[in-house]
Amino acid sequence: KHTRHQLKHRKRPVGMDGSRIKDRISIDQRPEKINNREEFGHFEMDLVVGKNNQGAVLTMTERVSKFFMCQYLPNGKKAIEVAKTVNNMLLPYKNDVHSITTDNGLEFAAHQLIAKKLNTTIYFTHPYSSWEKGQIENMNKLLRQYIPKHEIINQYNTQNINEIQKKLNNRPRKNLGFHKPIEIFSKFINQKIAFAS
C-alpha cells in the first residue's frame, strides 16, 4: 500500500483466462508460417477505446504489408456490432483473409460470425499478453497521435479517420525497405486479381 501505484493495476481478477469466450482457438495453434510472416493475408485486430471507456475504434493490420485499417464503432463495442464491422471491412478482401489474431476482450466474443462470414480462422492470444499481437499494438500507438488517450471517441473526432488511415498507410517503413504499406498491400491484392482473370 506504500508504493506509488498501491497495486491499483492488479485489480483485474486473478485466474481469468478469457474462458467466457466460447470455442476460442489459442495462438499456440497458429502455424509457424504466420508467426514468421511468410504468407500474406494474416491480420491482427484490436480496439482503441476513448477516455472513461467512452467510444471505440476498431483497428486491424495485415502482418506482411503492415497495412492498417480502422473504423469508428457508432453503436459501441458490443460483440455483434464489432463482428459486423470486421466483416464489412474485410469482405472486399475475403479471399485473402487467412487468419485474424486478437485478444480475449469480450468485444470479440462473436468471433464465430467473423470466421464463418470470411471463411477464416480467429486466433486468440494468451490473457494479458498484448505483445503476442505487437504489430496492432504499435499501430494503435500511431493512431493515438491523432486520437489521444485523454479524449473520448465519438463521431466528431473520428470524422477524418479515413484520412488518418491513408496517412499511416502512405508512410514509408524501414522494415518494409522504405516502401509504403499501401504499396505492398496493393501489390499482393492486384496479383491475386491478375491470376484470377
# chains A, B, ... in the order shown; residues from 1 in each chain; ligands from 1
call {"tool": "select_by_dssp", "arguments": {"residues": "region 36-121 of chain A", "states": "helix (DSSP H, G or I)", "output": "ChimeraX atom specification"}}
result
/A:51-53,79-96,106-108,111-118
call {"tool": "write_last_selection", "arguments": {"atoms": "C-alpha atoms", "output": "PDB file, in the first residue's frame"}}
result
ATOM      1  CA  LYS A  51     -11.391   8.247 -22.142  1.00  0.00           C
ATOM      2  CA  ASN A  52     -13.511   6.647 -19.391  1.00  0.00           C
ATOM      3  CA  ASN A  53     -14.385   3.890 -21.842  1.00  0.00           C
ATOM      4  CA  ALA A  79     -19.606  -8.185 -29.774  1.00  0.00           C
ATOM      5  CA  ILE A  80     -22.237  -8.459 -32.531  1.00  0.00           C
ATOM      6  CA  GLU A  81     -21.583  -4.890 -33.715  1.00  0.00           C
ATOM      7  CA  VAL A  82     -17.823  -5.484 -33.706  1.00  0.00           C
ATOM      8  CA  ALA A  83     -18.239  -8.676 -35.740  1.00  0.00           C
ATOM      9  CA  LYS A  84     -20.419  -6.883 -38.306  1.00  0.00           C
ATOM     10  CA  THR A  85     -17.838  -4.101 -38.647  1.00  0.00           C
ATOM     11  CA  VAL A  86     -14.968  -6.571 -39.093  1.00  0.00           C
ATOM     12  CA  ASN A  87     -16.915  -8.392 -41.790  1.00  0.00           C
ATOM     13  CA  ASN A  88     -17.743  -5.164 -43.624  1.00  0.00           C
ATOM     14  CA  MET A  89     -14.117  -4.020 -43.548  1.00  0.00           C
ATOM     15  CA  LEU A  90     -12.561  -7.287 -44.690  1.00  0.00           C
ATOM     16  CA  LEU A  91     -15.264  -8.646 -47.018  1.00  0.00           C
ATOM     17  CA  PRO A  92     -13.723  -6.955 -50.105  1.00  0.00           C
ATOM     18  CA  TYR A  93     -10.547  -8.956 -49.384  1.00  0.00           C
ATOM     19  CA  LYS A  94     -12.293 -12.163 -48.281  1.00  0.00           C
ATOM     20  CA  ASN A  95     -10.181 -14.460 -50.463  1.00  0.00           C
ATOM     21  CA  ASP A  96      -7.022 -13.059 -48.879  1.00  0.00           C
ATOM     22  CA  LEU A 106     -15.440  -9.770 -24.727  1.00  0.00           C
ATOM     23  CA  GLU A 107     -15.977  -7.452 -27.692  1.00  0.00           C
ATOM     24  CA  PHE A 108     -14.575 -10.324 -29.791  1.00  0.00           C
ATOM     25  CA  HIS A 111     -15.680 -14.385 -33.407  1.00  0.00           C
ATOM     26  CA  GLN A 112     -17.524 -17.307 -34.976  1.00  0.00           C
ATOM     27  CA  LEU A 113     -19.646 -14.882 -37.019  1.00  0.00           C
ATOM     28  CA  ILE A 114     -16.435 -13.440 -38.432  1.00  0.00           C
ATOM     29  CA  ALA A 115     -14.858 -16.825 -39.078  1.00  0.00           C
ATOM     30  CA  LYS A 116     -17.964 -18.071 -40.904  1.00  0.00           C
ATOM     31  CA  LYS A 117     -18.562 -14.942 -42.994  1.00  0.00           C
ATOM     32  CA  LEU A 118     -14.931 -14.569 -44.073  1.00  0.00           C
TER      33      LEU A 118
END
call {"tool": "residues_around", "arguments": {"residues": "Asn157 (chain A)", "least_positions_apart": "3", "cutoff": "12 Å", "atoms": "only C-alpha atoms", "output": "count of residues only"}}
result
18
call {"tool": "residues_around", "arguments": {"residues": "region 20-25 of chain A", "least_positions_apart": "3", "cutoff": "12 Å", "atoms": "only C-alpha atoms", "output": "mmCIF file with N, CA, C and O atoms, in the first residue's frame"}}
result
data_model
loop_
_atom_site.group_PDB
_atom_site.id
_atom_site.type_symbol
_atom_site.label_atom_id
_atom_site.label_comp_id
_atom_site.auth_asym_id
_atom_site.auth_seq_id
_atom_site.Cartn_x
_atom_site.Cartn_y
_atom_site.Cartn_z
ATOM 1 N N MET A 16 -8.479 -15.233 -14.366
ATOM 2 C CA MET A 16 -9.325 -15.056 -15.542
ATOM 3 C C MET A 16 -8.545 -15.443 -16.784
ATOM 4 O O MET A 16 -7.443 -14.962 -17.008
ATOM 5 N N ASP A 17 -9.069 -16.323 -17.600
ATOM 6 C CA ASP A 17 -8.343 -16.784 -18.783
ATOM 7 C C ASP A 17 -9.104 -16.527 -20.062
ATOM 8 O O ASP A 17 -8.814 -17.089 -21.107
ATOM 9 N N ASP A 28 -1.330 -20.625 -29.682
ATOM 10 C CA ASP A 28 -0.397 -21.753 -29.674
ATOM 11 C C ASP A 28 -0.583 -22.643 -30.900
ATOM 12 O O ASP A 28 0.337 -23.354 -31.307
ATOM 13 N N GLN A 29 -1.793 -22.623 -31.469
ATOM 14 C CA GLN A 29 -2.106 -23.454 -32.629
ATOM 15 C C GLN A 29 -1.844 -22.727 -33.950
ATOM 16 O O GLN A 29 -2.059 -23.291 -35.015
ATOM 17 N N ARG A 30 -1.398 -21.495 -33.868
ATOM 18 C CA ARG A 30 -1.138 -20.731 -35.082
ATOM 19 C C ARG A 30 0.125 -21.247 -35.767
ATOM 20 O O ARG A 30 1.172 -21.364 -35.133
ATOM 21 N N PRO A 31 0.045 -21.575 -37.060
ATOM 22 C CA PRO A 31 1.194 -22.136 -37.788
ATOM 23 C C PRO A 31 2.400 -21.201 -37.813
ATOM 24 O O PRO A 31 2.259 -19.978 -37.758
ATOM 25 N N ALA A 79 -20.245 -7.146 -28.958
ATOM 26 C CA ALA A 79 -19.606 -8.185 -29.774
ATOM 27 C C ALA A 79 -20.232 -8.321 -31.163
ATOM 28 O O ALA A 79 -19.517 -8.455 -32.160
ATOM 29 N N SER A 99 -6.290 -15.532 -41.729
ATOM 30 C CA SER A 99 -6.436 -15.630 -40.276
ATOM 31 C C SER A 99 -6.498 -14.237 -39.671
ATOM 32 O O SER A 99 -6.077 -13.261 -40.291
ATOM 33 N N ILE A 100 -7.036 -14.173 -38.456
ATOM 34 C CA ILE A 100 -7.062 -12.940 -37.675
ATOM 35 C C ILE A 100 -6.652 -13.308 -36.252
ATOM 36 O O ILE A 100 -7.163 -14.277 -35.686
ATOM 37 N N THR A 101 -5.739 -12.551 -35.684
ATOM 38 C CA THR A 101 -5.319 -12.773 -34.303
ATOM 39 C C THR A 101 -5.794 -11.608 -33.446
ATOM 40 O O THR A 101 -5.641 -10.444 -33.828
ATOM 41 N N THR A 102 -6.369 -11.920 -32.291
ATOM 42 C CA THR A 102 -6.871 -10.868 -31.410
ATOM 43 C C THR A 102 -6.694 -11.274 -29.956
ATOM 44 O O THR A 102 -6.134 -12.336 -29.653
ATOM 45 N N ASP A 103 -7.181 -10.420 -29.041
ATOM 46 C CA ASP A 103 -7.053 -10.734 -27.618
ATOM 47 C C ASP A 103 -8.371 -11.283 -27.082
ATOM 48 O O ASP A 103 -9.285 -11.578 -27.850
ATOM 49 N N ASN A 104 -8.464 -11.408 -25.771
ATOM 50 C CA ASN A 104 -9.614 -12.050 -25.157
ATOM 51 C C ASN A 104 -10.694 -11.090 -24.681
ATOM 52 O O ASN A 104 -11.519 -11.446 -23.844
ATOM 53 N N GLY A 105 -10.687 -9.877 -25.215
ATOM 54 C CA GLY A 105 -11.741 -8.930 -24.868
ATOM 55 C C GLY A 105 -13.104 -9.461 -25.279
ATOM 56 O O GLY A 105 -13.261 -10.064 -26.347
ATOM 57 N N LEU A 106 -14.105 -9.244 -24.445
ATOM 58 C CA LEU A 106 -15.440 -9.770 -24.727
ATOM 59 C C LEU A 106 -16.059 -9.149 -25.970
ATOM 60 O O LEU A 106 -17.031 -9.677 -26.508
ATOM 61 N N GLU A 107 -15.481 -8.044 -26.443
ATOM 62 C CA GLU A 107 -15.977 -7.452 -27.692
ATOM 63 C C GLU A 107 -15.723 -8.360 -28.886
ATOM 64 O O GLU A 107 -16.297 -8.178 -29.951
ATOM 65 N N PHE A 108 -14.860 -9.378 -28.708
ATOM 66 C CA PHE A 108 -14.575 -10.324 -29.791
ATOM 67 C C PHE A 108 -15.234 -11.684 -29.549
ATOM 68 O O PHE A 108 -14.858 -12.680 -30.157
ATOM 69 N N ALA A 109 -16.233 -11.699 -28.662
ATOM 70 C CA ALA A 109 -16.907 -12.953 -28.323
ATOM 71 C C ALA A 109 -17.693 -13.540 -29.495
ATOM 72 O O ALA A 109 -17.945 -14.746 -29.545
ATOM 73 N N ALA A 110 -18.071 -12.697 -30.460
ATOM 74 C CA ALA A 110 -18.823 -13.180 -31.631
ATOM 75 C C ALA A 110 -17.874 -13.551 -32.766
ATOM 76 O O ALA A 110 -18.200 -13.403 -33.943
ATOM 77 N N HIS A 111 -16.712 -14.063 -32.409
ATOM 78 C CA HIS A 111 -15.680 -14.385 -33.407
ATOM 79 C C HIS A 111 -16.135 -15.413 -34.431
ATOM 80 O O HIS A 111 -15.668 -15.430 -35.568
ATOM 81 N N GLN A 112 -17.066 -16.278 -34.032
ATOM 82 C CA GLN A 112 -17.524 -17.307 -34.976
ATOM 83 C C GLN A 112 -18.290 -16.707 -36.152
ATOM 84 O O GLN A 112 -18.265 -17.251 -37.254
ATOM 85 N N ALA A 115 -15.497 -15.666 -38.461
ATOM 86 C CA ALA A 115 -14.858 -16.825 -39.078
ATOM 87 C C ALA A 115 -15.734 -17.427 -40.178
ATOM 88 O O ALA A 115 -15.234 -17.814 -41.243
ATOM 89 N N THR A 120 -12.461 -17.844 -42.442
ATOM 90 C CA THR A 120 -11.114 -17.678 -41.914
ATOM 91 C C THR A 120 -11.007 -18.271 -40.514
ATOM 92 O O THR A 120 -11.996 -18.762 -39.964
ATOM 93 N N THR A 121 -9.826 -18.204 -39.933
ATOM 94 C CA THR A 121 -9.581 -18.717 -38.589
ATOM 95 C C THR A 121 -9.218 -17.559 -37.666
ATOM 96 O O THR A 121 -8.409 -16.705 -38.030
ATOM 97 N N ILE A 122 -9.834 -17.523 -36.484
ATOM 98 C CA ILE A 122 -9.541 -16.495 -35.494
ATOM 99 C C ILE A 122 -8.687 -17.115 -34.392
ATOM 100 O O ILE A 122 -9.077 -18.121 -33.783
ATOM 101 N N TYR A 123 -7.525 -16.534 -34.139
ATOM 102 C CA TYR A 123 -6.655 -16.994 -33.062
ATOM 103 C C TYR A 123 -6.692 -15.985 -31.919
ATOM 104 O O TYR A 123 -6.745 -14.776 -32.146
ATOM 105 N N PHE A 124 -6.629 -16.500 -30.681
ATOM 106 C CA PHE A 124 -6.654 -15.645 -29.500
ATOM 107 C C PHE A 124 -5.323 -15.733 -28.757
ATOM 108 O O PHE A 124 -4.799 -16.827 -28.539
ATOM 109 N N THR A 125 -4.807 -14.566 -28.385
ATOM 110 C CA THR A 125 -3.569 -14.529 -27.623
ATOM 111 C C THR A 125 -3.823 -15.042 -26.204
ATOM 112 O O THR A 125 -4.968 -15.203 -25.777
ATOM 113 N N HIS A 126 -2.733 -15.276 -25.474
ATOM 114 C CA HIS A 126 -2.878 -15.630 -24.068
ATOM 115 C C HIS A 126 -3.359 -14.396 -23.297
ATOM 116 O O HIS A 126 -3.059 -13.267 -23.697
ATOM 117 N N PRO A 127 -4.099 -14.588 -22.204
ATOM 118 C CA PRO A 127 -4.574 -13.437 -21.422
ATOM 119 C C PRO A 127 -3.433 -12.539 -20.969
ATOM 120 O O PRO A 127 -2.383 -13.019 -20.553
#
call {"tool": "select_by_dssp", "arguments": {"residues": "chain A", "states": "strand (DSSP E or B)", "output": "ChimeraX atom specification"}}
result
/A:25-26,42-49,56-62,68-72,99-102,121-124,173,179
call {"tool": "write_last_selection", "arguments": {"atoms": "N, CA, C and O atoms", "output": "CSV table (one decimal), in the first residue's frame"}}
result
chain,number,residue,atom,x,y,z
A,25,ILE,N,-9.7,-20.4,-30.3
A,25,ILE,CA,-8.5,-21.2,-30.8
A,25,ILE,C,-7.3,-20.4,-30.4
A,25,ILE,O,-7.1,-19.3,-30.7
A,26,SER,N,-6.4,-21.1,-29.6
A,26,SER,CA,-5.3,-20.4,-29.0
A,26,SER,C,-4.2,-20.1,-30.0
A,26,SER,O,-4.1,-20.8,-31.0
A,42,HIS,N,-2.7,-12.5,-43.3
A,42,HIS,CA,-2.9,-12.8,-41.8
A,42,HIS,C,-3.0,-11.5,-41.1
A,42,HIS,O,-2.0,-10.6,-41.2
A,43,PHE,N,-4.1,-11.2,-40.4
A,43,PHE,CA,-4.4,-10.0,-39.8
A,43,PHE,C,-4.3,-10.0,-38.2
A,43,PHE,O,-4.4,-11.1,-37.7
A,44,GLU,N,-4.1,-8.9,-37.6
A,44,GLU,CA,-4.3,-8.7,-36.2
A,44,GLU,C,-5.3,-7.6,-36.0
A,44,GLU,O,-5.4,-6.7,-36.8
A,45,MET,N,-6.1,-7.7,-34.9
A,45,MET,CA,-7.1,-6.7,-34.7
A,45,MET,C,-7.2,-6.4,-33.2
A,45,MET,O,-6.9,-7.2,-32.3
A,46,ASP,N,-7.8,-5.2,-32.9
A,46,ASP,CA,-7.9,-4.7,-31.5
A,46,ASP,C,-8.9,-3.6,-31.5
A,46,ASP,O,-9.4,-3.2,-32.5
A,47,LEU,N,-9.1,-3.0,-30.3
A,47,LEU,CA,-10.0,-1.8,-30.2
A,47,LEU,C,-9.1,-0.7,-29.5
A,47,LEU,O,-8.3,-1.0,-28.6
A,48,VAL,N,-9.3,0.5,-29.9
A,48,VAL,CA,-8.8,1.7,-29.2
A,48,VAL,C,-10.0,2.3,-28.6
A,48,VAL,O,-11.0,2.7,-29.3
A,49,VAL,N,-9.9,2.5,-27.3
A,49,VAL,CA,-11.1,3.0,-26.5
A,49,VAL,C,-10.8,4.4,-26.0
A,49,VAL,O,-9.7,4.7,-25.6
A,56,ALA,N,-15.2,3.9,-29.2
A,56,ALA,CA,-14.2,3.0,-29.6
A,56,ALA,C,-13.9,3.0,-31.1
A,56,ALA,O,-14.9,3.3,-31.9
A,57,VAL,N,-12.7,2.6,-31.5
A,57,VAL,CA,-12.4,2.5,-32.9
A,57,VAL,C,-11.8,1.0,-33.0
A,57,VAL,O,-11.0,0.6,-32.3
A,58,LEU,N,-12.3,0.3,-34.0
A,58,LEU,CA,-11.8,-1.0,-34.4
A,58,LEU,C,-10.6,-0.8,-35.2
A,58,LEU,O,-10.6,0.0,-36.2
A,59,THR,N,-9.5,-1.5,-34.9
A,59,THR,CA,-8.3,-1.4,-35.7
A,59,THR,C,-7.8,-2.8,-36.2
A,59,THR,O,-8.0,-3.7,-35.5
A,60,MET,N,-7.2,-2.8,-37.4
A,60,MET,CA,-6.7,-4.0,-37.9
A,60,MET,C,-5.4,-3.7,-38.7
A,60,MET,O,-5.3,-2.7,-39.3
A,61,THR,N,-4.6,-4.7,-38.8
A,61,THR,CA,-3.4,-4.6,-39.6
A,61,THR,C,-3.0,-6.0,-40.3
A,61,THR,O,-3.2,-7.0,-39.6
A,62,GLU,N,-2.5,-5.9,-41.5
A,62,GLU,CA,-2.1,-7.1,-42.2
A,62,GLU,C,-0.6,-7.3,-41.8
A,62,GLU,O,0.2,-6.4,-41.9
A,68,PHE,N,-2.8,-0.9,-42.6
A,68,PHE,CA,-3.6,-0.5,-41.4
A,68,PHE,C,-5.0,-0.2,-41.8
A,68,PHE,O,-5.2,0.6,-42.8
A,69,MET,N,-6.0,-0.6,-41.0
A,69,MET,CA,-7.4,-0.3,-41.2
A,69,MET,C,-8.0,0.1,-39.9
A,69,MET,O,-7.7,-0.5,-38.9
A,70,CYS,N,-8.9,1.1,-39.9
A,70,CYS,CA,-9.6,1.5,-38.7
A,70,CYS,C,-10.9,2.0,-39.0
A,70,CYS,O,-11.2,2.6,-40.1
A,71,GLN,N,-11.9,1.8,-38.1
A,71,GLN,CA,-13.2,2.3,-38.3
A,71,GLN,C,-13.9,2.6,-36.9
A,71,GLN,O,-13.8,1.8,-36.0
A,72,TYR,N,-14.5,3.8,-36.8
A,72,TYR,CA,-15.3,4.1,-35.6
A,72,TYR,C,-16.5,3.2,-35.4
A,72,TYR,O,-17.1,2.8,-36.4
A,99,SER,N,-6.3,-15.5,-41.7
A,99,SER,CA,-6.4,-15.6,-40.3
A,99,SER,C,-6.5,-14.2,-39.7
A,99,SER,O,-6.1,-13.3,-40.3
A,100,ILE,N,-7.0,-14.2,-38.5
A,100,ILE,CA,-7.1,-12.9,-37.7
A,100,ILE,C,-6.7,-13.3,-36.3
A,100,ILE,O,-7.2,-14.3,-35.7
A,101,THR,N,-5.7,-12.6,-35.7
A,101,THR,CA,-5.3,-12.8,-34.3
A,101,THR,C,-5.8,-11.6,-33.4
A,101,THR,O,-5.6,-10.4,-33.8
A,102,THR,N,-6.4,-11.9,-32.3
A,102,THR,CA,-6.9,-10.9,-31.4
A,102,THR,C,-6.7,-11.3,-30.0
A,102,THR,O,-6.1,-12.3,-29.7
A,121,THR,N,-9.8,-18.2,-39.9
A,121,THR,CA,-9.6,-18.7,-38.6
A,121,THR,C,-9.2,-17.6,-37.7
A,121,THR,O,-8.4,-16.7,-38.0
A,122,ILE,N,-9.8,-17.5,-36.5
A,122,ILE,CA,-9.5,-16.5,-35.5
A,122,ILE,C,-8.7,-17.1,-34.4
A,122,ILE,O,-9.1,-18.1,-33.8
A,123,TYR,N,-7.5,-16.5,-34.1
A,123,TYR,CA,-6.7,-17.0,-33.1
A,123,TYR,C,-6.7,-16.0,-31.9
A,123,TYR,O,-6.7,-14.8,-32.1
A,124,PHE,N,-6.6,-16.5,-30.7
A,124,PHE,CA,-6.7,-15.6,-29.5
A,124,PHE,C,-5.3,-15.7,-28.8
A,124,PHE,O,-4.8,-16.8,-28.5
A,173,ARG,N,8.1,2.7,-44.5
A,173,ARG,CA,8.6,2.0,-43.3
A,173,ARG,C,9.9,1.4,-43.5
A,173,ARG,O,10.2,0.8,-44.6
A,179,HIS,N,9.4,1.0,-48.3
A,179,HIS,CA,8.2,1.1,-49.1
A,179,HIS,C,7.0,1.4,-48.2
A,179,HIS,O,7.1,1.4,-47.0
call {"tool": "atom_distance", "arguments": {"atom1": "CA of Phe185 (chain A)", "atom2": "CA of Gly41 (chain A)"}}
result
9.3 Å
call {"tool": "atom_distance", "arguments": {"atom1": "CA of Asn170 (chain A)", "atom2": "CA of Asn138 (chain A)"}}
result
16.1 Å
call {"tool": "atom_distance", "arguments": {"atom1": "CA of Asn119 (chain A)", "atom2": "CA of Arg63 (chain A)"}}
result
18.3 Å
